[in-house]
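> Next comes target-v1.pdb, PDB, C-alpha atoms:
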ATOM      1  CA  MET A  78       0.000   0.000   0.000  1.00  0.00           C
ATOM      2  CA  LYS A  79       1.252   3.489  -0.866  1.00  0.00           C
ATOM      3  CA  SER A  80       2.186   5.817   1.953  1.00  0.00           C
ATOM      4  CA  ASN A  81       2.185   9.606   1.781  1.00  0.00           C
ATOM      5  CA  ILE A  82      -0.409   9.594  -0.969  1.00  0.00           C
ATOM      6  CA  GLU A  83      -0.533  12.838  -2.944  1.00  0.00           C
ATOM      7  CA  PHE A  84      -4.009  14.104  -3.703  1.00  0.00           C
ATOM      8  CA  ARG A  85      -5.821  17.258  -4.682  1.00  0.00           C
ATOM      9  CA  LEU A  86      -9.406  18.417  -4.848  1.00  0.00           C
ATOM     10  CA  ARG A  87     -10.836  20.002  -7.996  1.00  0.00           C
ATOM     11  CA  LYS A  88     -14.115  21.886  -8.222  1.00  0.00           C
ATOM     12  CA  ALA A  89     -16.532  20.466 -10.783  1.00  0.00           C
ATOM     13  CA  ILE A  90     -19.674  22.267 -11.840  1.00  0.00           C
ATOM     14  CA  ALA A  91     -22.530  20.162 -13.158  1.00  0.00           C
ATOM     15  CA  ILE A  92     -25.234  21.740 -15.285  1.00  0.00           C
ATOM     16  CA  ASN A  93     -27.990  19.666 -13.650  1.00  0.00           C
ATOM     17  CA  ARG A  94     -26.981  20.479 -10.042  1.00  0.00           C
ATOM     18  CA  GLU A  95     -27.531  23.595  -7.968  1.00  0.00           C
ATOM     19  CA  ASN A  96     -24.258  23.107  -6.044  1.00  0.00           C
ATOM     20  CA  ALA A  97     -20.776  22.288  -7.283  1.00  0.00           C
ATOM     21  CA  THR A  98     -19.046  19.032  -6.442  1.00  0.00           C
ATOM     22  CA  PHE A  99     -15.392  18.527  -5.604  1.00  0.00           C
ATOM     23  CA  GLU A 100     -13.456  15.664  -7.150  1.00  0.00           C
ATOM     24  CA  LEU A 101     -10.737  13.957  -5.147  1.00  0.00           C
ATOM     25  CA  LEU A 102      -7.904  13.273  -7.592  1.00  0.00           C
ATOM     26  CA  LEU A 103      -5.066  10.804  -7.150  1.00  0.00           C
ATOM     27  CA  ASP A 104      -2.528  10.908  -9.978  1.00  0.00           C
ATOM     28  CA  ASP A 105      -5.065  12.967 -11.989  1.00  0.00           C
ATOM     29  CA  VAL A 106      -7.699  10.218 -11.679  1.00  0.00           C
ATOM     30  CA  ALA A 107     -10.953  11.166  -9.941  1.00  0.00           C
ATOM     31  CA  ILE A 108     -11.661   8.587  -7.246  1.00  0.00           C
ATOM     32  CA  LEU A 109     -14.623  10.220  -5.560  1.00  0.00           C
ATOM     33  CA  ASP A 110     -16.862  13.261  -5.689  1.00  0.00           C
ATOM     34  CA  VAL A 111     -18.147  15.130  -2.658  1.00  0.00           C
ATOM     35  CA  GLY A 112     -20.680  17.912  -2.410  1.00  0.00           C
ATOM     36  CA  PHE A 113     -24.148  18.950  -1.383  1.00  0.00           C
ATOM     37  CA  SER A 114     -27.243  17.747  -3.222  1.00  0.00           C
ATOM     38  CA  ASP A 115     -29.895  20.237  -4.259  1.00  0.00           C
ATOM     39  CA  ASP A 116     -31.678  19.243  -1.015  1.00  0.00           C
ATOM     40  CA  GLY A 117     -28.640  20.212   1.107  1.00  0.00           C
ATOM     41  CA  VAL A 118     -27.497  16.641   1.885  1.00  0.00           C
ATOM     42  CA  PHE A 119     -23.729  16.050   1.847  1.00  0.00           C
ATOM     43  CA  GLU A 120     -23.008  13.223  -0.605  1.00  0.00           C
ATOM     44  CA  VAL A 121     -19.937  11.100  -1.385  1.00  0.00           C
ATOM     45  CA  ALA A 122     -19.796   9.174  -4.666  1.00  0.00           C
ATOM     46  CA  PHE A 123     -16.962   6.776  -5.536  1.00  0.00           C
ATOM     47  CA  ASP A 124     -15.785   6.672  -9.141  1.00  0.00           C
ATOM     48  CA  GLU A 125     -16.064   3.292 -10.868  1.00  0.00           C
ATOM     49  CA  ARG A 126     -12.508   3.655 -12.227  1.00  0.00           C
ATOM     50  CA  ILE A 127     -10.984   2.944  -8.793  1.00  0.00           C
ATOM     51  CA  GLY A 128     -12.160  -0.656  -8.500  1.00  0.00           C
ATOM     52  CA  GLY A 129     -10.127  -2.423  -5.828  1.00  0.00           C
ATOM     53  CA  GLY A 130      -8.753   0.752  -4.228  1.00  0.00           C
ATOM     54  CA  VAL A 131      -7.985   0.362  -0.511  1.00  0.00           C
ATOM     55  CA  PHE A 132      -7.662   3.401   1.755  1.00  0.00           C
ATOM     56  CA  GLU A 133      -7.140   3.662   5.491  1.00  0.00           C
ATOM     57  CA  TRP A 134     -10.345   4.866   7.127  1.00  0.00           C
ATOM     58  CA  ALA A 135      -8.637   7.787   8.895  1.00  0.00           C
ATOM     59  CA  GLN A 136      -7.175   9.025   5.602  1.00  0.00           C
ATOM     60  CA  LEU A 137     -10.502   8.676   3.799  1.00  0.00           C
ATOM     61  CA  GLN A 138     -12.272  10.567   6.581  1.00  0.00           C
ATOM     62  CA  GLU A 139      -9.710  13.374   6.314  1.00  0.00           C
ATOM     63  CA  TRP A 140     -10.177  13.642   2.536  1.00  0.00           C
ATOM     64  CA  ILE A 141     -13.952  13.645   2.862  1.00  0.00           C
ATOM     65  CA  GLU A 142     -13.878  16.266   5.613  1.00  0.00           C
ATOM     66  CA  ARG A 143     -11.657  18.521   3.492  1.00  0.00           C
ATOM     67  CA  GLY A 144     -14.073  18.120   0.591  1.00  0.00           C
ATOM     68  CA  LYS A 145     -17.036  18.905   2.832  1.00  0.00           C
ATOM     69  CA  ASN A 146     -15.307  22.048   4.102  1.00  0.00           C
ATOM     70  CA  LEU A 147     -14.716  23.217   0.524  1.00  0.00           C
ATOM     71  CA  ALA A 148     -18.331  22.481  -0.396  1.00  0.00           C
ATOM     72  CA  GLU A 149     -19.605  24.410   2.653  1.00  0.00           C
ATOM     73  CA  LEU A 150     -17.427  27.413   1.814  1.00  0.00           C
ATOM     74  CA  ASP A 151     -18.646  27.325  -1.776  1.00  0.00           C
ATOM     75  CA  MET A 152     -22.307  27.452  -0.661  1.00  0.00           C
ATOM     76  CA  MET A 153     -21.787  30.758   1.192  1.00  0.00           C
TER      77      MET A 153
END
Mind turning the file's structure into structure tokens?

Amino acid sequence: MKSNIEFRLRKAIAINRENATFELLLDDVAILDVGFSDDGVFEVAFDERIGGGVFEWAQLQEWIERGKNLAELDMM
């Protein structure tokens, strides 16, 4: 398993959504999207291209929390 994984979050605007989503990218591959639905529910969607990916829970929670913080700031 990789250690010190490099990642970045990229804002993605969908035409059919009121709020933007943020893509978590690893090596320029989107592995999940986070953001608020039009009803204000925070959602996490895994990308089908990451089949078999294994992440430590603490690291995944940190990534998701960072994405949620960005989504909250974007709604203001």
> Could you tell me which of A:Lys88, A:Ala148, A:Glu83, A:Asn93 comes closest to A:Val118 if we count all atoms listed in the file?
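The answer is A:Ala148, which sits nearest to A:Val118.
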> Ranking A:Asp115, A:Ala91, A:Phe123, A:Leu86 by minimum distance to A:Gly144 and counting only C-alpha atoms, which one comes first?
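Under the stated criterion, the closest residue is A:Leu86.
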> Starting from the displayed file, determine the output of the PyMOL selection byres ((chain A and resi 102) around 9) and express the residue list as a ChimeraX atom specification.
/A:83-87,100-101,103-109
> Could you save the residues just selected, with C-alpha atoms, as a compact mmCIF listing (two decimals), in the coordinates of the input?

# COMPACT_ATOMS: atom_id res chain seq x y z
CA GLU A 83 -0.53 12.84 -2.94
CA PHE A 84 -4.01 14.10 -3.70
CA ARG A 85 -5.82 17.26 -4.68
CA LEU A 86 -9.41 18.42 -4.85
CA ARG A 87 -10.84 20.00 -8.00
CA GLU A 100 -13.46 15.66 -7.15
CA LEU A 101 -10.74 13.96 -5.15
CA LEU A 103 -5.07 10.80 -7.15
CA ASP A 104 -2.53 10.91 -9.98
CA ASP A 105 -5.07 12.97 -11.99
CA VAL A 106 -7.70 10.22 -11.68
CA ALA A 107 -10.95 11.17 -9.94
CA ILE A 108 -11.66 8.59 -7.25
CA LEU A 109 -14.62 10.22 -5.56
> Between atom CA of A:Glu142 and atom CA of A:Ile92, measure the distance and give it in Å to one decimal.
24.4 Å
> Given the choices A:Lys145, A:Ala135, A:Asp124, A:Arg94, which gets closest to A:Gly112 if the distance is worked out from only C-alpha atoms?
A:Lys145
> Give me, please, the distance in Å between atom CA of A:Ser114 and atom CA of A:Arg126, quoted to one decimal.
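Between atom CA of A:Ser114 and atom CA of A:Arg126 the gap works out to 22.3 Å.
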> Quick one: distance from atom CA of A:Thr98 to atom CA of A:Leu137 in Å, one decimal?
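Separation between atom CA of A:Thr98 and atom CA of A:Leu137: 16.9 Å.
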> Go through A:Gln138, A:Glu95, A:Glu149, A:Ile90 one by one, measure the shortest atom-to-atom distance of each to A:Phe119 using all atoms listed in the file, and give the residue with the smallest value.
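The answer is A:Glu149, which sits nearest to A:Phe119.
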> With all atoms listed in the file as the basis for distance, which of A:Ala89, A:Glu125, A:Asp116, A:Phe99 is at the shortest distance from A:Asn146?
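Smallest separation from A:Asn146 among the options: A:Phe99.
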